[in-house]
Amino acid sequence: MSTAQDIERALADRAIEAVVIGASAGGIDALLTLLPALPADLRLAVVCILHMPPDRESRLAELFDERLPQPVREAADKESIRPGTIYFAPPGYHLLVEQDRSFSLSCEPPVHFARPAIDVLMESAADAYGPALAGILLTGANQDGADGMAHIRACGGLAIVQDPDEAQVPATPMHAIRRCAPHLVLPLARIAALLPMLEGP
């Protein structure tokens, strides 16, 4: 598990503009712990993606909008990504970030049996934001997100993974740790404490 010194090194000289958070099984509970730790005057864009049934309406944006002071919305095709806003991927589509930092939705086949897939979002966001992106991968039951975290790291972004020993379902963080040697491996409470630090001084 990462130390305070690891956190200091990982954050040194970073200017984060956007955060992508991925989870599957157990993810709603994890986000209910994590997202309230964001500053009320949030400056970053935060994009959340959870595996969900494609044929059911998502109520995630509504659920979190009732609990958070920041604007929360479901991401829409061709929508420009705004700082200070929390977005959720809609069901049934892959969510991508374009080079002009807008969203696009795709009906391409599922990845790791998921659409939206964490890898698709993380890889496209890494291409768009490069070193200005932080990726956070939480609890989950398969390997979706491991390649995405590796791509974030390869593009110079910050890769943060929940400690699998305390994740509700450890498979997803374990796959990511094996795949990409993330900068930080932290329990959920320490990731929550880290979130305000991503905005810099």
# chains A, B, ... in the order shown; residues from 1 in each chain; ligands from 1
>>> residues_around(residues="Ala76 (chain A)", least_positions_apart="3", cutoff="12 Å", atoms="only C-alpha atoms", output="list in words")
Val47, Arg73, Glu79, Ser80, Ile81, Tyr87, Phe88, Ala89, Pro90, Pro91, Tyr93, His94, Leu95, Leu96, Val97, Ser102, Phe103, Ser104, Leu105 and Ser106 of chain A
>>> select_by_dssp(residues="chain A", states="alpha helix (DSSP H)", output="ChimeraX atom specification")
/A:4-11,27-34,60-65,118-129,146-154,171-180,188-194
>>> write_last_selection(atoms="C-alpha atoms", output="compact mmCIF listing (two decimals), in the first residue's frame")
# COMPACT_ATOMS: atom_id res chain seq x y z
CA ALA A 4 2.40 9.53 2.50
CA GLN A 5 5.75 9.92 0.73
CA ASP A 6 4.40 8.05 -2.29
CA ILE A 7 1.45 10.46 -2.43
CA GLU A 8 3.75 13.47 -2.20
CA ARG A 9 5.91 12.15 -5.04
CA ALA A 10 2.89 11.25 -7.20
CA LEU A 11 1.38 14.73 -6.88
CA GLY A 27 -19.14 0.79 -7.11
CA ILE A 28 -22.18 2.74 -5.93
CA ASP A 29 -21.26 2.25 -2.28
CA ALA A 30 -17.67 3.26 -3.04
CA LEU A 31 -18.77 6.44 -4.83
CA LEU A 32 -21.10 7.32 -1.95
CA THR A 33 -17.95 7.46 0.17
CA LEU A 34 -15.70 9.08 -2.41
CA LEU A 60 -27.06 7.56 -10.85
CA ALA A 61 -26.87 11.22 -11.80
CA GLU A 62 -30.17 11.87 -10.01
CA LEU A 63 -29.03 9.89 -6.95
CA PHE A 64 -25.81 11.84 -6.58
CA ASP A 65 -27.28 15.20 -7.56
CA ILE A 118 -14.19 1.58 -18.25
CA ASP A 119 -11.26 0.90 -20.62
CA VAL A 120 -12.91 2.78 -23.50
CA LEU A 121 -13.52 5.89 -21.41
CA MET A 122 -10.14 5.87 -19.69
CA GLU A 123 -8.14 5.33 -22.88
CA SER A 124 -9.91 8.12 -24.76
CA ALA A 125 -9.65 10.49 -21.78
CA ALA A 126 -5.92 9.77 -21.50
CA ASP A 127 -5.49 10.62 -25.18
CA ALA A 128 -7.36 13.91 -24.69
CA TYR A 129 -5.90 15.05 -21.35
CA ALA A 146 -6.77 -2.41 -16.20
CA ASP A 147 -5.84 -1.49 -19.78
CA GLY A 148 -7.36 1.95 -19.31
CA MET A 149 -5.22 2.62 -16.24
CA ALA A 150 -2.13 1.41 -18.10
CA HIS A 151 -2.92 3.84 -20.92
CA ILE A 152 -3.42 6.72 -18.48
CA ARG A 153 0.01 5.99 -17.02
CA ALA A 154 1.60 5.67 -20.49
CA ALA A 171 -10.83 -8.50 -8.92
CA THR A 172 -10.78 -5.19 -10.81
CA PRO A 173 -8.13 -3.44 -8.68
CA MET A 174 -6.04 -6.62 -8.62
CA HIS A 175 -6.03 -6.82 -12.43
CA ALA A 176 -4.99 -3.16 -12.65
CA ILE A 177 -2.14 -3.57 -10.17
CA ARG A 178 -0.80 -6.54 -12.16
CA ARG A 179 -1.23 -4.72 -15.47
CA CYS A 180 0.20 -1.27 -14.88
CA LEU A 188 -11.06 4.19 -0.13
CA ALA A 189 -10.81 6.60 2.80
CA ARG A 190 -7.34 7.70 1.73
CA ILE A 191 -8.45 8.15 -1.88
CA ALA A 192 -11.24 10.37 -0.53
CA ALA A 193 -8.68 12.40 1.44
CA LEU A 194 -6.55 12.68 -1.71
>>> residues_around(residues="region 131-137 of chain A", least_positions_apart="4", cutoff="6 Å", atoms="only C-alpha atoms", output="CSV table (one decimal) with N, CA, C and O atoms, in the first residue's frame")
chain,number,residue,atom,x,y,z
A,15,ALA,N,-0.5,19.1,-12.6
A,15,ALA,CA,-1.7,20.0,-12.8
A,15,ALA,C,-2.8,19.2,-13.4
A,15,ALA,O,-3.0,19.1,-14.6
A,16,ILE,N,-3.6,18.7,-12.5
A,16,ILE,CA,-4.8,17.8,-13.0
A,16,ILE,C,-5.9,18.7,-13.4
A,16,ILE,O,-6.3,19.6,-12.7
A,17,GLU,N,-6.6,18.4,-14.5
A,17,GLU,CA,-7.7,19.1,-15.0
A,17,GLU,C,-9.0,18.2,-15.0
A,17,GLU,O,-10.1,18.7,-14.9
A,18,ALA,N,-8.8,16.9,-15.0
A,18,ALA,CA,-10.0,16.0,-15.0
A,18,ALA,C,-9.6,14.7,-14.3
A,18,ALA,O,-8.5,14.3,-14.3
A,19,VAL,N,-10.7,14.1,-13.8
A,19,VAL,CA,-10.6,12.8,-13.0
A,19,VAL,C,-11.6,11.8,-13.6
A,19,VAL,O,-12.8,12.2,-13.8
A,20,VAL,N,-11.1,10.6,-14.0
A,20,VAL,CA,-12.0,9.6,-14.4
A,20,VAL,C,-12.1,8.5,-13.4
A,20,VAL,O,-11.0,8.0,-12.9
A,21,ILE,N,-13.3,8.1,-12.9
A,21,ILE,CA,-13.4,7.1,-11.9
A,21,ILE,C,-14.2,6.0,-12.4
A,21,ILE,O,-15.3,6.1,-12.9
A,22,GLY,N,-13.6,4.8,-12.4
A,22,GLY,CA,-14.3,3.6,-12.9
A,22,GLY,C,-14.5,2.5,-11.8
A,22,GLY,O,-13.7,2.4,-10.9
A,156,GLY,N,1.2,9.7,-19.3
A,156,GLY,CA,1.7,10.7,-18.3
A,156,GLY,C,0.7,11.0,-17.2
A,156,GLY,O,1.1,11.9,-16.4
A,157,GLY,N,-0.5,10.5,-17.2
A,157,GLY,CA,-1.5,10.8,-16.2
A,157,GLY,C,-1.2,10.0,-14.9
A,157,GLY,O,-0.3,9.2,-14.8
A,158,LEU,N,-2.0,10.3,-13.9
A,158,LEU,CA,-1.8,9.8,-12.6
A,158,LEU,C,-2.8,8.6,-12.4
A,158,LEU,O,-4.0,8.7,-12.7
A,159,ALA,N,-2.2,7.4,-12.0
A,159,ALA,CA,-3.0,6.2,-11.9
A,159,ALA,C,-3.2,5.8,-10.4
A,159,ALA,O,-2.2,5.6,-9.8
A,160,ILE,N,-4.4,5.8,-10.0
A,160,ILE,CA,-4.7,5.5,-8.6
A,160,ILE,C,-5.7,4.3,-8.5
A,160,ILE,O,-6.7,4.3,-9.2
A,161,VAL,N,-5.4,3.3,-7.7
A,161,VAL,CA,-6.2,2.1,-7.6
A,161,VAL,C,-6.6,1.8,-6.1
A,161,VAL,O,-5.7,2.0,-5.2
>>> atom_distance(atom1="CA of Gly130 (chain A)", atom2="CA of Gln99 (chain A)")
10.4 Å
